[in-house]
>>> print(open('final_28.txt').read())   # compact mmCIF, C-alpha atoms
# COMPACT_ATOMS: atom_id res chain seq x y z
CA MET A 4 219.00 87.86 112.95
CA ILE A 5 217.11 89.32 115.92
CA LYS A 6 219.03 88.55 119.12
CA VAL A 7 216.74 87.89 122.08
CA CYS A 8 217.31 87.65 125.83
CA PHE A 9 214.59 85.58 127.50
CA ALA A 10 213.95 86.29 131.21
CA ASP A 11 211.65 83.94 133.13
CA ASN A 12 211.53 82.15 136.48
CA TYR A 13 210.86 78.66 135.17
CA PRO A 14 213.36 76.34 133.40
CA VAL A 15 210.55 74.50 131.60
CA VAL A 16 209.42 77.79 130.01
CA HIS A 17 213.01 78.53 128.97
CA PHE A 18 213.28 75.06 127.43
CA GLY A 19 210.02 75.42 125.52
CA VAL A 20 210.87 78.85 124.13
CA LYS A 21 214.43 77.89 123.21
CA SER A 22 213.23 74.71 121.47
CA TYR A 23 210.55 76.59 119.52
CA PHE A 24 212.95 79.26 118.22
CA LYS A 25 215.90 76.88 117.68
CA ASP A 26 215.63 76.90 113.89
CA HIS A 27 213.77 80.18 113.47
CA ALA A 28 214.72 82.14 110.36
CA GLU A 29 214.71 85.56 112.03
CA ILE A 30 215.02 85.03 115.80
CA SER A 31 217.89 83.74 117.91
CA ILE A 32 217.68 83.21 121.70
CA ALA A 33 221.08 84.66 122.60
CA ALA A 34 220.67 84.58 126.39
CA ASN A 35 218.47 83.06 129.11
CA VAL A 36 218.19 84.51 132.61
CA GLY A 37 216.17 83.55 135.67
CA ASN A 38 216.71 86.68 137.75
CA PHE A 39 216.26 90.38 136.98
CA LEU A 40 219.64 91.19 138.54
CA MET A 41 221.34 89.19 135.75
CA ILE A 42 219.83 91.23 132.93
CA ARG A 43 222.14 94.26 133.14
CA ASP A 44 225.23 92.06 132.85
CA ILE A 45 223.77 90.38 129.77
CA LEU A 46 222.92 93.70 128.12
CA LEU A 47 226.39 95.04 128.89
CA THR A 48 228.17 92.03 127.38
CA LYS A 49 225.85 91.03 124.52
CA ASP A 50 224.19 92.92 121.70
CA ILE A 51 220.54 92.19 122.55
CA ASP A 52 217.80 93.52 120.25
CA VAL A 53 214.76 92.38 122.22
CA LEU A 54 214.33 91.45 125.89
CA ILE A 55 211.40 89.16 126.75
CA LEU A 56 210.53 89.82 130.39
CA ASP A 57 208.04 88.37 132.88
CA LEU A 58 206.74 90.97 135.35
CA GLU A 59 206.91 88.30 138.07
CA LEU A 60 210.58 87.59 137.39
CA GLU A 61 212.67 86.93 140.50
CA GLY A 62 214.47 90.11 141.57
CA LEU A 63 212.05 92.45 139.77
CA SER A 64 210.06 94.41 142.34
CA SER A 65 208.82 97.41 140.37
CA ILE A 66 207.91 98.56 136.85
CA PHE A 67 210.18 101.52 137.57
CA GLU A 68 213.16 99.15 137.40
CA VAL A 69 212.06 98.24 133.86
CA LYS A 70 211.82 101.94 133.04
CA SER A 71 215.35 102.45 134.36
CA LEU A 72 216.60 99.53 132.25
CA LEU A 73 215.14 101.11 129.12
CA LYS A 74 216.82 104.40 129.94
CA THR A 75 220.21 102.69 130.36
CA PHE A 76 219.83 100.48 127.28
CA PRO A 77 217.63 102.48 124.86
CA LYS A 78 218.48 100.33 121.84
CA THR A 79 217.02 97.20 123.43
CA LYS A 80 213.26 96.75 123.00
CA ILE A 81 211.28 95.07 125.79
CA ILE A 82 208.27 92.78 125.48
CA ILE A 83 206.41 91.79 128.65
CA PHE A 84 205.57 88.06 128.49
CA SER A 85 203.39 87.40 131.51
CA GLY A 86 200.43 85.53 132.92
CA LEU A 87 199.17 88.68 134.68
CA SER A 88 196.06 90.49 133.43
CA GLU A 89 196.88 92.29 130.19
CA GLN A 90 194.04 94.76 130.70
CA ILE A 91 195.48 95.89 134.05
CA TYR A 92 199.24 95.65 133.51
CA ALA A 93 199.79 96.36 129.81
CA PRO A 94 198.79 100.07 129.89
CA ASN A 95 201.23 100.81 132.72
CA ALA A 96 203.96 98.80 131.02
CA ILE A 97 203.46 100.60 127.70
CA LYS A 98 203.49 103.95 129.52
CA ALA A 99 206.77 102.90 131.15
CA GLY A 100 208.29 102.47 127.71
CA VAL A 101 208.04 98.76 126.88
CA SER A 102 207.23 97.90 123.27
CA GLY A 103 204.66 95.19 123.81
CA PHE A 104 202.73 92.87 126.10
CA VAL A 105 202.08 89.23 125.18
CA HIS A 106 200.03 87.09 127.55
CA LYS A 107 201.38 83.62 128.33
CA LYS A 108 198.14 82.03 127.16
CA GLU A 109 199.07 83.07 123.60
CA LYS A 110 200.84 80.69 121.20
CA LEU A 111 204.62 81.01 120.79
CA GLU A 112 203.91 81.87 117.18
CA THR A 113 202.28 85.09 118.45
CA LEU A 114 205.33 85.83 120.60
CA GLY A 115 207.56 85.34 117.57
CA GLN A 116 205.46 87.68 115.44
CA SER A 117 205.56 90.26 118.24
CA ILE A 118 209.37 90.03 118.48
CA VAL A 119 209.71 90.74 114.75
CA LYS A 120 207.25 93.67 114.86
CA VAL A 121 208.80 95.21 117.97
CA ASN A 122 212.25 94.96 116.39
CA GLN A 123 210.83 97.00 113.50
CA GLY A 124 209.84 99.73 115.95
CA LYS A 125 206.16 98.86 116.39
CA ILE A 126 204.20 98.81 119.66
CA ILE A 127 202.29 95.58 120.33
CA MET A 128 199.04 95.50 122.35
CA ASN A 129 195.55 94.11 121.89
CA GLU A 130 192.46 96.16 121.04
CA THR A 131 191.15 96.21 124.65
CA VAL A 132 194.40 97.74 125.89
CA LYS A 133 194.36 100.30 123.05
CA LYS A 134 190.84 101.34 124.05
CA ASN A 135 191.85 101.59 127.72
CA LEU A 136 194.82 103.82 126.86
CA ALA A 137 192.63 106.02 124.66
CA LEU A 138 190.03 106.32 127.42
CA ILE A 139 192.68 107.22 130.01
CA ALA A 140 194.14 109.86 127.69
CA LYS A 141 190.72 111.54 127.39
CA GLN A 142 190.00 111.55 131.13
CA SER A 143 190.82 114.46 133.39
CA LYS A 144 193.25 113.92 136.28
CA SER A 145 190.38 113.72 138.79
CA GLU A 146 188.59 111.09 136.68
CA ARG A 147 191.76 109.02 136.37
CA LEU A 148 192.20 109.05 140.14
CA TYR A 149 189.18 106.81 140.60
CA ARG A 150 189.38 104.79 137.41
CA LYS A 151 193.06 104.13 136.95
CA LEU A 152 195.62 102.79 139.37
CA SER A 153 199.16 104.08 139.10
CA ASN A 154 202.18 101.81 138.64
CA ARG A 155 203.06 102.12 142.33
CA GLU A 156 199.51 101.46 143.49
CA VAL A 157 199.30 98.28 141.41
CA GLU A 158 202.63 97.13 142.85
CA VAL A 159 201.63 97.90 146.45
CA LEU A 160 198.30 96.14 145.89
CA ARG A 161 200.05 93.03 144.57
CA TYR A 162 202.28 92.84 147.64
CA LEU A 163 199.39 93.50 150.04
CA SER A 164 197.43 90.73 148.33
CA GLY A 165 200.44 88.45 148.74
CA GLY A 166 200.30 88.95 152.50
CA LYS A 167 203.16 91.43 152.82
CA LYS A 168 203.09 93.99 155.65
CA ASN A 169 203.60 97.72 155.07
CA HIS A 170 207.18 97.66 156.37
CA GLU A 171 208.04 94.67 154.15
CA ILE A 172 206.64 96.38 151.06
CA ALA A 173 208.54 99.56 151.97
CA GLU A 174 211.77 97.56 152.11
CA ILE A 175 211.13 95.78 148.79
CA LEU A 176 210.27 98.99 146.93
CA ASN A 177 212.84 101.06 148.81
CA LEU A 178 210.20 103.51 150.04
CA ASN A 179 209.23 105.01 153.40
CA GLU A 180 206.67 102.98 155.38
CA LYS A 181 204.44 106.06 155.65
CA THR A 182 204.44 106.28 151.86
CA ILE A 183 203.16 102.70 151.66
CA SER A 184 200.41 103.61 154.14
CA THR A 185 199.43 106.51 151.88
CA TYR A 186 199.24 104.21 148.85
CA LYS A 187 197.14 101.79 150.87
CA LEU A 188 194.66 104.55 151.75
CA ARG A 189 194.47 105.63 148.11
CA LEU A 190 193.76 102.05 147.07
CA LEU A 191 190.95 101.74 149.61
CA THR A 192 189.42 104.94 148.24
CA LYS A 193 189.82 104.09 144.55
CA LEU A 194 188.47 100.58 144.89
CA ASN A 195 185.71 101.80 147.22
CA VAL A 196 186.41 99.44 150.13
CA THR A 197 187.10 100.02 153.83
CA ASN A 198 189.47 97.24 154.88
CA LEU A 199 192.37 95.11 153.65
CA VAL A 200 190.34 91.89 153.28
CA ASP A 201 187.84 93.59 150.96
CA LEU A 202 190.68 95.33 149.14
CA VAL A 203 192.36 92.01 148.34
CA GLU A 204 189.02 90.47 147.31
CA LYS A 205 188.28 93.41 145.00
CA ALA A 206 191.77 93.16 143.49
CA LYS A 207 191.16 89.48 142.70
CA LYS A 208 187.81 90.23 141.06
CA LEU A 209 189.44 92.90 138.90
CA GLU A 210 192.26 90.46 138.07
CA ILE A 211 194.84 92.90 139.40
CA VAL A 212 196.51 90.12 141.37
>>> encode(input="final_28.txt", output="structure tokens")
Amino acid sequence: MIKVCFADNYPVVHFGVKSYFKDHAEISIAANVGNFLMIRDILLTKDIDVLILDLELEGLSSIFEVKSLLKTFPKTKIIIFSGLSEQIYAPNAIKAGVSGFVHKKEKLETLGQSIVKVNQGKIIMNETVKKNLALIAKQSKSERLYRKLSNREVEVLRYLSGGKKNHEIAEILNLNEKTISTYKLRLLTKLNVTNLVDLVEKAKKLEIV
């Protein structure tokens, strides 16, 4: 039986997932959490094979925290289950070490199939994401600078789009405020805009936020 920890903000999502997998032949929902800070305790006390994680989970501020989790608990596979753009977020998540990305618009049957495959050691992503990763791998560093946002840049952009100030983002990500300003300037350059309003608008068009 594949033991799963399901991490999501919303009780109704927990209920739906738990009900769907209640009598599943291969999958057992062994734990449910609504905050990222609870995950470590679960992984320390329970033998979890696969962690299903929403990138917008309460308490999760950076993909680097997911990377750290994988380093601490290497035997646990992670699948990102999110409503965020797969094309934008999946490549960075895969590069951080997660085993798959399933969009919330997919059927729970797809999530179940992904859990089984990931538990077998496979990496789950759609064809568009595969092509993006292949394209990025072929590009030089200078080409990537303008075509690919880093994990940190995506995170800073999300917070800027959410109305956060530089000092607030610095506090959330535990970085220097000047560092946030640097990321902001890079984002303006990469997305070819000159001000914050246009930056947020461009991010929305690209489905980054």
>>> closest_atom_pairs(input="final_28.txt", of="segment 18-47 of chain A", to="segment 118-126 of chain A", cutoff="12 Å", atoms="only C-alpha atoms", output="JSON lines")
{"residue": "A:Phe24", "atom": "CA", "partner": "A:Ile118", "partner_atom": "CA", "distance": 11.4}
{"residue": "A:His27", "atom": "CA", "partner": "A:Val119", "partner_atom": "CA", "distance": 11.4}
{"residue": "A:Ala28", "atom": "CA", "partner": "A:Val119", "partner_atom": "CA", "distance": 10.9}
{"residue": "A:Glu29", "atom": "CA", "partner": "A:Val119", "partner_atom": "CA", "distance": 7.7}
{"residue": "A:Ile30", "atom": "CA", "partner": "A:Val119", "partner_atom": "CA", "distance": 7.9}
{"residue": "A:Ser31", "atom": "CA", "partner": "A:Ile118", "partner_atom": "CA", "distance": 10.6}
{"residue": "A:Ile32", "atom": "CA", "partner": "A:Ile118", "partner_atom": "CA", "distance": 11.2}
>>> residues_near_point(input="final_28.txt", point="(220.0, 95.1, 116.9)", cutoff="8 Å", atoms="only C-alpha atoms", output="MDAnalysis selection string")
chainID A and resid 5:6 50:53 78:79 122
>>> closest_residue(input="final_28.txt", among="A:Thr182, A:Gly103, A:Leu46, A:Leu191", to="Pro77 of chain A", atoms="only C-alpha atoms")
A:Leu46
>>> atom_distance(input="final_28.txt", atom1="atom CA of Lys207 of chain A", atom2="atom CA of Asn154 of chain A")
17.0 Å
>>> atom_distance(input="final_28.txt", atom1="atom CA of Ala34 of chain A", atom2="atom CA of Val69 of chain A")
17.8 Å
>>> atom_distance(input="final_28.txt", atom1="atom CA of Leu163 of chain A", atom2="atom CA of Val101 of chain A")
25.3 Å
>>> closest_residue(input="final_28.txt", among="A:Ala206, A:Leu73, A:Ile183, A:Ile45", to="Ala96 of chain A", atoms="all atoms listed in the file")
A:Leu73
>>> closest_residue(input="final_28.txt", among="A:Ser184, A:Gln116, A:Ser153, A:Asn35", to="Ile66 of chain A", atoms="only C-alpha atoms")
A:Ser153
>>> closest_residue(input="final_28.txt", among="A:Ile42, A:Leu194, A:Ile82, A:Leu188", to="Phe104 of chain A", atoms="all atoms listed in the file")
A:Ile82
>>> axis_aligned_box(input="final_28.txt", around="segment 174-189 of chain A", padding_each_side="4 Å", output="JSON")
{"center_x": 203.7, "center_y": 101.1, "center_z": 151.3, "size_x": 26.4, "size_y": 18.7, "size_z": 16.7}
>>> residues_near_point(input="final_28.txt", point="(198.0, 81.9, 129.5)", cutoff="8 Å", atoms="all atoms listed in the file", output="PyMOL selection string")
chain A and resi 85-86+106-109
>>> residues_around(input="final_28.txt", residues="Ile211 of chain A", least_positions_apart="3", cutoff="10 Å", atoms="all atoms listed in the file", output="JSON, numbers by chain")
{"A": [87, 88, 89, 90, 91, 92, 152, 157, 158, 160, 161, 164, 203, 205, 206, 207, 208]}
